[in-house]
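Structure file my_file.txt (compact mmCIF, C-alpha atoms) follows.
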```txt
# COMPACT_ATOMS: atom_id res chain seq x y z
CA MET A 1 0.00 0.00 0.00
CA HIS A 2 2.90 2.30 0.82
CA GLN A 3 4.41 1.76 -2.64
CA GLU A 4 1.05 2.43 -4.27
CA SER A 5 0.68 5.69 -2.37
CA GLN A 6 4.17 6.75 -3.50
CA LEU A 7 3.28 5.90 -7.10
CA GLU A 8 0.07 7.91 -6.87
CA ALA A 9 2.00 10.86 -5.44
CA ILE A 10 4.45 10.73 -8.34
CA MET A 11 1.63 10.47 -10.86
CA ASP A 12 -0.18 13.43 -9.29
CA LYS A 13 2.97 15.58 -9.27
CA PRO A 14 2.61 18.40 -11.81
CA SER A 15 4.81 18.06 -14.87
CA VAL A 16 7.73 20.44 -15.27
CA LYS A 17 7.02 23.10 -17.87
CA PRO A 18 10.26 24.67 -19.08
CA ASN A 19 10.39 28.40 -19.67
CA PHE A 20 12.97 30.07 -21.88
CA PRO A 21 14.18 32.65 -19.30
CA GLY A 22 14.91 29.83 -16.86
CA ILE A 23 16.74 27.83 -19.51
CA LEU A 24 18.73 30.91 -20.51
CA ALA A 25 19.68 31.63 -16.90
CA GLY A 26 20.90 28.07 -16.42
CA ILE A 27 22.96 28.02 -19.62
CA TRP A 28 24.43 31.43 -18.78
CA MET A 29 25.62 30.16 -15.40
CA LEU A 30 27.27 27.17 -17.06
CA THR A 31 28.87 29.45 -19.66
CA TYR A 32 30.50 32.06 -17.46
CA LYS A 33 31.54 29.56 -14.80
CA SER A 34 33.26 27.44 -17.45
CA GLN A 35 35.18 30.52 -18.64
CA LEU A 36 36.30 31.53 -15.15
CA THR A 37 37.96 28.24 -14.23
CA TRP A 38 41.67 28.37 -13.37
CA LYS A 39 42.36 26.47 -16.58
CA LYS A 40 40.82 29.20 -18.78
CA VAL A 41 41.02 32.42 -16.78
CA TYR A 42 44.61 33.12 -17.89
CA GLY A 43 43.55 32.80 -21.51
CA VAL A 44 40.65 35.20 -20.88
CA LEU A 45 43.00 37.76 -19.33
CA SER A 46 45.48 37.43 -22.20
CA ASN A 47 42.67 38.02 -24.71
CA ILE A 48 41.57 41.14 -22.85
CA LEU A 49 44.97 42.66 -22.10
CA GLY A 50 47.24 41.27 -24.81
CA LEU A 51 46.60 43.70 -27.65
CA PRO A 52 46.18 46.84 -25.48
CA ILE A 53 49.54 46.16 -23.81
CA LEU A 54 51.12 45.53 -27.20
CA SER A 55 49.66 48.78 -28.52
CA TYR A 56 51.16 50.65 -25.56
CA PHE A 57 54.69 49.53 -26.44
CA ALA A 58 54.19 49.60 -30.22
CA PHE A 59 54.51 53.34 -30.74
CA SER A 60 56.61 56.11 -29.23
CA LEU A 61 55.82 58.43 -26.35
CA ARG A 62 54.63 61.04 -28.83
CA SER A 63 50.96 61.29 -29.68
CA GLU A 64 50.51 58.67 -32.40
CA SER A 65 46.80 58.72 -33.16
CA ASN A 66 47.17 57.00 -36.53
CA SER A 67 49.14 54.08 -35.04
CA PHE A 68 46.59 53.77 -32.25
CA TYR A 69 43.73 53.78 -34.78
CA MET A 70 45.49 51.04 -36.74
CA PHE A 71 45.61 48.87 -33.62
CA THR A 72 42.08 49.50 -32.38
CA VAL A 73 40.19 49.75 -35.68
CA ASP A 74 42.08 48.06 -38.52
CA PHE A 75 43.60 45.25 -36.49
CA TYR A 76 41.24 44.69 -33.56
CA MET A 77 37.74 45.65 -34.76
CA LEU A 78 38.06 44.50 -38.38
CA LEU A 79 40.30 41.43 -37.99
CA VAL A 80 40.70 40.13 -34.44
CA LEU A 81 37.08 40.60 -33.35
CA PRO A 82 35.61 38.46 -36.20
CA ILE A 83 38.19 35.74 -35.47
CA LEU A 84 37.34 35.84 -31.77
CA CYS A 85 33.67 35.41 -32.64
CA LEU A 86 34.54 32.52 -34.96
CA THR A 87 36.42 30.62 -32.26
CA ALA A 88 33.91 31.41 -29.50
CA PHE A 89 30.64 30.83 -31.35
CA GLY A 90 31.86 28.18 -33.77
CA GLY A 91 32.86 25.96 -30.88
CA MET A 92 30.02 26.74 -28.47
CA VAL A 93 28.09 23.57 -29.39
CA ARG A 94 31.02 21.58 -30.79
CA ASP A 95 32.85 21.75 -27.47
CA ASP A 96 29.87 20.22 -25.65
CA LEU A 97 29.59 17.58 -28.36
CA GLN A 98 33.22 16.57 -27.92
CA GLU A 99 32.90 16.54 -24.15
CA ASP A 100 29.71 14.48 -24.54
CA THR A 101 27.69 16.81 -22.32
CA VAL A 102 25.07 17.77 -24.92
CA CYS A 103 23.21 14.50 -24.52
CA PHE A 104 22.81 15.12 -20.79
CA LEU A 105 21.74 18.74 -21.27
CA LEU A 106 19.19 17.79 -23.90
CA THR A 107 17.55 15.34 -21.52
CA ARG A 108 16.47 18.39 -19.54
CA PRO A 109 12.92 19.62 -20.28
CA MET A 110 13.76 21.97 -23.15
CA LYS A 111 13.62 21.95 -26.90
CA ARG A 112 16.76 21.77 -28.98
CA TRP A 113 16.27 25.24 -30.48
CA GLN A 114 15.88 26.64 -26.95
CA PHE A 115 19.19 25.08 -25.99
CA PHE A 116 20.91 26.51 -29.09
CA LEU A 117 19.53 30.02 -28.65
CA SER A 118 20.41 29.97 -24.95
CA LYS A 119 23.98 29.00 -25.80
CA TYR A 120 24.13 31.73 -28.44
CA LEU A 121 22.76 34.48 -26.19
CA SER A 122 25.03 33.42 -23.31
CA HIS A 123 28.07 33.57 -25.58
CA VAL A 124 26.92 36.95 -26.93
CA LEU A 125 26.80 38.35 -23.40
CA TRP A 126 30.15 36.85 -22.41
CA THR A 127 31.85 38.04 -25.60
CA GLN A 128 30.38 41.53 -25.22
CA ILE A 129 31.80 41.72 -21.69
CA THR A 130 35.29 40.55 -22.62
CA CYS A 131 35.46 42.72 -25.75
CA ALA A 132 34.24 45.76 -23.80
CA LEU A 133 36.99 45.17 -21.24
CA THR A 134 39.50 44.97 -24.10
CA LEU A 135 38.37 48.32 -25.45
CA VAL A 136 38.58 49.81 -21.95
CA ALA A 137 42.16 48.53 -21.75
CA PHE A 138 42.81 50.15 -25.15
CA ALA A 139 41.41 53.40 -23.75
CA VAL A 140 43.89 53.26 -20.86
CA SER A 141 46.75 52.53 -23.25
CA GLY A 142 45.81 55.37 -25.59
CA THR A 143 45.33 57.83 -22.75
CA LEU A 144 48.74 57.00 -21.28
CA ARG A 145 50.30 57.57 -24.71
CA GLY A 146 48.59 60.91 -25.16
CA VAL A 147 46.30 60.00 -28.05
CA ASP A 148 43.68 62.65 -28.76
CA ASN A 149 39.94 62.11 -28.16
CA VAL A 150 40.30 58.59 -26.75
CA PRO A 151 36.93 58.63 -24.91
CA GLN A 152 34.99 59.50 -28.09
CA LEU A 153 36.85 56.87 -30.11
CA ILE A 154 36.37 54.07 -27.58
CA THR A 155 32.71 55.00 -27.04
CA THR A 156 32.09 54.72 -30.78
CA LEU A 157 33.85 51.35 -30.94
CA LEU A 158 31.92 50.08 -27.92
CA ILE A 159 28.64 50.94 -29.66
CA VAL A 160 29.69 49.33 -32.96
CA GLN A 161 31.02 46.27 -31.16
CA VAL A 162 27.52 45.29 -30.01
CA PRO A 163 26.01 44.57 -33.47
CA ALA A 164 29.36 43.25 -34.70
CA VAL A 165 29.47 40.48 -32.07
CA ILE A 166 25.79 39.66 -32.57
CA ALA A 167 26.10 39.34 -36.37
CA TYR A 168 29.49 37.61 -36.52
CA GLY A 169 28.37 35.32 -33.70
CA ALA A 170 25.28 34.20 -35.62
CA ILE A 171 27.33 33.50 -38.75
CA SER A 172 30.01 31.64 -36.77
CA SER A 173 27.49 29.53 -34.85
CA PHE A 174 26.04 28.31 -38.13
CA MET A 175 29.50 27.37 -39.38
CA GLY A 176 30.14 25.50 -36.15
CA LEU A 177 27.02 23.40 -36.62
CA LEU A 178 27.76 22.86 -40.30
CA THR A 179 31.23 21.37 -39.97
CA LYS A 180 33.95 20.43 -37.50
CA LYS A 181 36.37 22.47 -39.61
CA TYR A 182 34.54 25.71 -38.92
CA LEU A 183 37.81 27.62 -38.53
CA VAL A 184 38.77 26.79 -42.09
CA LEU A 185 35.27 27.59 -43.36
CA GLY A 186 35.29 30.88 -41.43
CA LEU A 187 38.62 31.94 -42.92
CA ILE A 188 37.36 31.11 -46.42
CA TYR A 189 34.20 33.12 -45.75
CA GLY A 190 36.27 36.03 -44.49
CA PHE A 191 38.53 36.16 -47.52
CA VAL A 192 35.73 35.65 -50.05
CA VAL A 193 32.95 37.78 -48.53
CA GLU A 194 34.44 40.23 -46.03
CA PHE A 195 37.58 40.99 -48.03
CA GLY A 196 36.60 40.02 -51.57
CA ILE A 197 32.96 40.87 -52.16
CA ALA A 198 33.33 43.87 -49.84
CA GLN A 199 35.64 45.49 -52.43
CA ILE A 200 33.24 45.11 -55.36
CA PRO A 201 31.83 48.58 -56.20
CA THR A 202 28.25 47.37 -56.64
CA ASN A 203 25.30 46.64 -54.37
CA VAL A 204 26.56 43.08 -53.88
CA ASN A 205 29.08 44.44 -51.37
CA THR A 206 26.21 44.87 -48.92
CA LEU A 207 26.64 41.15 -48.19
CA ALA A 208 29.81 42.01 -46.29
CA MET A 209 29.16 42.91 -42.67
CA THR A 210 32.47 44.77 -42.61
CA ASN A 211 31.09 47.50 -44.88
CA HIS A 212 28.10 48.10 -42.61
CA LEU A 213 30.29 48.23 -39.52
CA LYS A 214 32.61 50.71 -41.26
CA SER A 215 29.64 52.90 -42.15
CA LEU A 216 28.61 52.91 -38.48
CA MET A 217 32.12 53.74 -37.30
CA ALA A 218 32.36 56.50 -39.91
CA ARG A 219 29.67 58.45 -38.08
CA TYR A 220 32.57 59.57 -35.89
CA GLN A 221 34.47 61.87 -38.26
CA PRO A 222 38.06 60.93 -37.25
CA LEU A 223 37.18 57.29 -37.99
CA ALA A 224 35.64 58.28 -41.31
CA ASP A 225 38.89 60.01 -42.23
CA HIS A 226 40.97 57.04 -41.06
CA LEU A 227 38.87 54.45 -42.93
CA SER A 228 38.38 56.72 -45.97
CA VAL A 229 34.66 55.97 -46.02
CA GLU A 230 31.56 58.06 -45.67
CA ALA A 231 28.98 57.56 -42.96
CA GLY A 232 26.19 55.41 -44.35
CA SER A 233 22.55 55.17 -43.47
CA LEU A 234 22.02 53.97 -39.92
CA PHE A 235 18.73 52.38 -40.98
CA ILE A 236 20.25 50.40 -43.87
CA ALA A 237 23.18 49.19 -41.77
CA GLY A 238 20.83 48.18 -38.96
CA ILE A 239 18.47 46.31 -41.29
CA ALA A 240 21.39 44.46 -42.92
CA LEU A 241 22.90 43.40 -39.60
CA VAL A 242 19.57 42.36 -38.06
CA THR A 243 18.47 40.47 -41.18
CA THR A 244 21.77 38.59 -41.41
CA THR A 245 21.66 37.70 -37.73
CA LEU A 246 18.07 36.42 -37.84
CA PHE A 247 18.71 34.47 -41.06
CA PHE A 248 21.65 32.53 -39.63
CA LEU A 249 19.99 32.01 -36.24
CA VAL A 250 16.88 30.52 -37.83
CA LEU A 251 19.01 28.38 -40.13
CA SER A 252 21.13 27.19 -37.21
CA SER A 253 18.10 26.45 -35.02
CA VAL A 254 16.52 24.35 -37.75
CA MET A 255 19.79 22.51 -38.42
CA PHE A 256 20.39 21.73 -34.76
CA THR A 257 16.81 20.53 -34.38
CA MET A 258 16.84 18.28 -37.45
CA ARG A 259 20.42 17.00 -37.45
CA GLU A 260 21.81 14.37 -35.09
CA TYR A 261 25.39 14.76 -33.90
CA ASN A 262 27.34 11.67 -32.88
CA HIS A 263 29.93 11.96 -30.10
CA SER A 264 32.31 9.43 -31.66
CA ASP A 265 32.19 11.25 -34.99
CA GLU A 266 32.99 14.55 -33.30
CA MET A 267 36.01 13.05 -31.55
CA SER A 268 37.40 11.52 -34.77
CA LYS A 269 39.92 13.44 -36.82
```

Can I see the file as structure tokens?
Amino acid sequence: MHQESQLEAIMDKPSVKPNFPGILAGIWMLTYKSQLTWKKVYGVLSNILGLPILSYFAFSLRSESNSFYMFTVDFYMLLVLPILCLTAFGGMVRDDLQEDTVCFLLTRPMKRWQFFLSKYLSHVLWTQITCALTLVAFAVSGTLRGVDNVPQLITTLLIVQVPAVIAYGAISSFMGLLTKKYLVLGLIYGFVVEFGIAQIPTNVNTLAMTNHLKSLMARYQPLADHLSVEAGSLFIAGIALVTTTLFFLVLSSVMFTMREYNHSDEMSK
């Protein structure tokens, strides 16, 4: 009778109904805690402080605004930031697949697309934080070297960084789901689209996110002069970035829902 009463109690227990905010909160905790382990924290600090420290010693004590712009804009914003997004977002699901933790997480009461979007949003937040800290470190470096108008420059880059991480992250997450060799695919995409198609003087160059980010940065006149571009339409740039992000997120959600990933295949070379 006691066993029957226990069975009835279990049967009468209300079923767990997952909610997306709760799922997101849980995935976020797993994400930031995994990044702040002693094994990874030194890598995080090197990513944040490496380039700003290098920029401090790279030019003389004189005010070298152009050299500083080359570090912060040409090198960091237009090259390093997309690569950081590729490594972070491309591996956000692949890492769990190789560690064989996805199967356990997916047994939780949530849909596969909810898991993917939670991972994506958690990585967006973490990447925004680390990249913002990097730009703050750049601001300190530039200020110590006497670069003019550092606060205005860094504020502009902080604003542009937000859509850049969101868009590049969506593209990179799709590549990570598409193939294990997402780094190779990302580099090919970068050379073909962001560096190749971006140079074509027709409307097809709107496919390159780099051009839209440059048009946003060019709204600050010193950056417009440095990049030799004119400030574009804020509306057009926003629509292009949002459309690209939503397209790749929907595509990735569908792929992760429909496709089965095998742990042994992921571990094989």

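Restricting the calculation to all atoms listed in the file, the smallest distance between Phe138 in chain A and any of A:Phe20, A:Tyr76, A:Tyr182, A:Phe248 is found for A:Tyr76.
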
Skipping near chain neighbours, those fewer than 6 positions away, what residues fall within 9 Å of range 127-130 of chain A using all atoms listed in the file, listed as a PDB file with C-alpha atoms, in the frame of the given file?
```pdb
ATOM      1  CA  VAL A  44      40.650  35.200 -20.880  1.00  0.00           C
ATOM      2  CA  LEU A  45      43.000  37.760 -19.330  1.00  0.00           C
ATOM      3  CA  ASN A  47      42.670  38.020 -24.710  1.00  0.00           C
ATOM      4  CA  ILE A  48      41.570  41.140 -22.850  1.00  0.00           C
ATOM      5  CA  LEU A  84      37.340  35.840 -31.770  1.00  0.00           C
ATOM      6  CA  CYS A  85      33.670  35.410 -32.640  1.00  0.00           C
ATOM      7  CA  ALA A  88      33.910  31.410 -29.500  1.00  0.00           C
ATOM      8  CA  GLN A 161      31.020  46.270 -31.160  1.00  0.00           C
ATOM      9  CA  VAL A 162      27.520  45.290 -30.010  1.00  0.00           C
ATOM     10  CA  VAL A 165      29.470  40.480 -32.070  1.00  0.00           C
ATOM     11  CA  ILE A 166      25.790  39.660 -32.570  1.00  0.00           C
TER      12      ILE A 166
END
```

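Atom to atom, CA of Lys39 in chain A and CA of Gly26 in chain A stand 21.5 Å apart.
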
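Comparing A:Leu183, A:Ser233, A:Ile197, A:Ala58 by their smallest distance to Arg219 in chain A, the closest is A:Ser233 (using only C-alpha atoms).
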
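Counting all atoms listed in the file, Asp148 in chain A has the following residues at most 12 Å away, ignoring those fewer than 4 positions along the same chain: Arg62, Ser63, Glu64, Ser65, Asn66, Ser67, Phe68, Tyr69, Ala139, Ser141, Gly142, Thr143, Leu144, Gln152, Leu153, Ile154 and Pro222 of chain A.
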
Suppose we keep C-alpha atoms; can you now write the selection as a short mmCIF file (atom, residue, chain, number, x, y, z; two decimals), in the frame of the given file?
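The new file again_16.cif reads:
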```cif
data_model
loop_
_atom_site.label_atom_id
_atom_site.label_comp_id
_atom_site.auth_asym_id
_atom_site.auth_seq_id
_atom_site.Cartn_x
_atom_site.Cartn_y
_atom_site.Cartn_z
CA ARG A 62 54.63 61.04 -28.83
CA SER A 63 50.96 61.29 -29.68
CA GLU A 64 50.51 58.67 -32.40
CA SER A 65 46.80 58.72 -33.16
CA ASN A 66 47.17 57.00 -36.53
CA SER A 67 49.14 54.08 -35.04
CA PHE A 68 46.59 53.77 -32.25
CA TYR A 69 43.73 53.78 -34.78
CA ALA A 139 41.41 53.40 -23.75
CA SER A 141 46.75 52.53 -23.25
CA GLY A 142 45.81 55.37 -25.59
CA THR A 143 45.33 57.83 -22.75
CA LEU A 144 48.74 57.00 -21.28
CA GLN A 152 34.99 59.50 -28.09
CA LEU A 153 36.85 56.87 -30.11
CA ILE A 154 36.37 54.07 -27.58
CA PRO A 222 38.06 60.93 -37.25
#
```

Rounded to one decimal place, report the CA of Leu54 in chain A-CA of Val136 in chain A distance in Å.
14.3 Å

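Computed from the coordinates, the CA of Asn19 in chain A to CA of Ser173 in chain A distance equals 22.9 Å.
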
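Among the candidates A:Met209, A:Met77, A:Leu121, A:Met175, the one nearest to Leu158 in chain A when counting all atoms listed in the file is A:Met77.
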
Counting all atoms listed in the file, I want the residues whose atoms come within 10 Å of (18.2, 29.6, -23.4) in the file frame, returned as number ranges by chain.
A: 19-28, 110-122

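Minimum distance to Ser252 in chain A across A:Thr179, A:Ser228, A:Gln199, A:Thr206 (counting only C-alpha atoms) occurs at A:Thr179.
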
Among listed residues A:Pro52, A:Leu177, A:Thr87, A:Ala170, nearest Met258 in chain A (using all atoms listed in the file)
A:Leu177
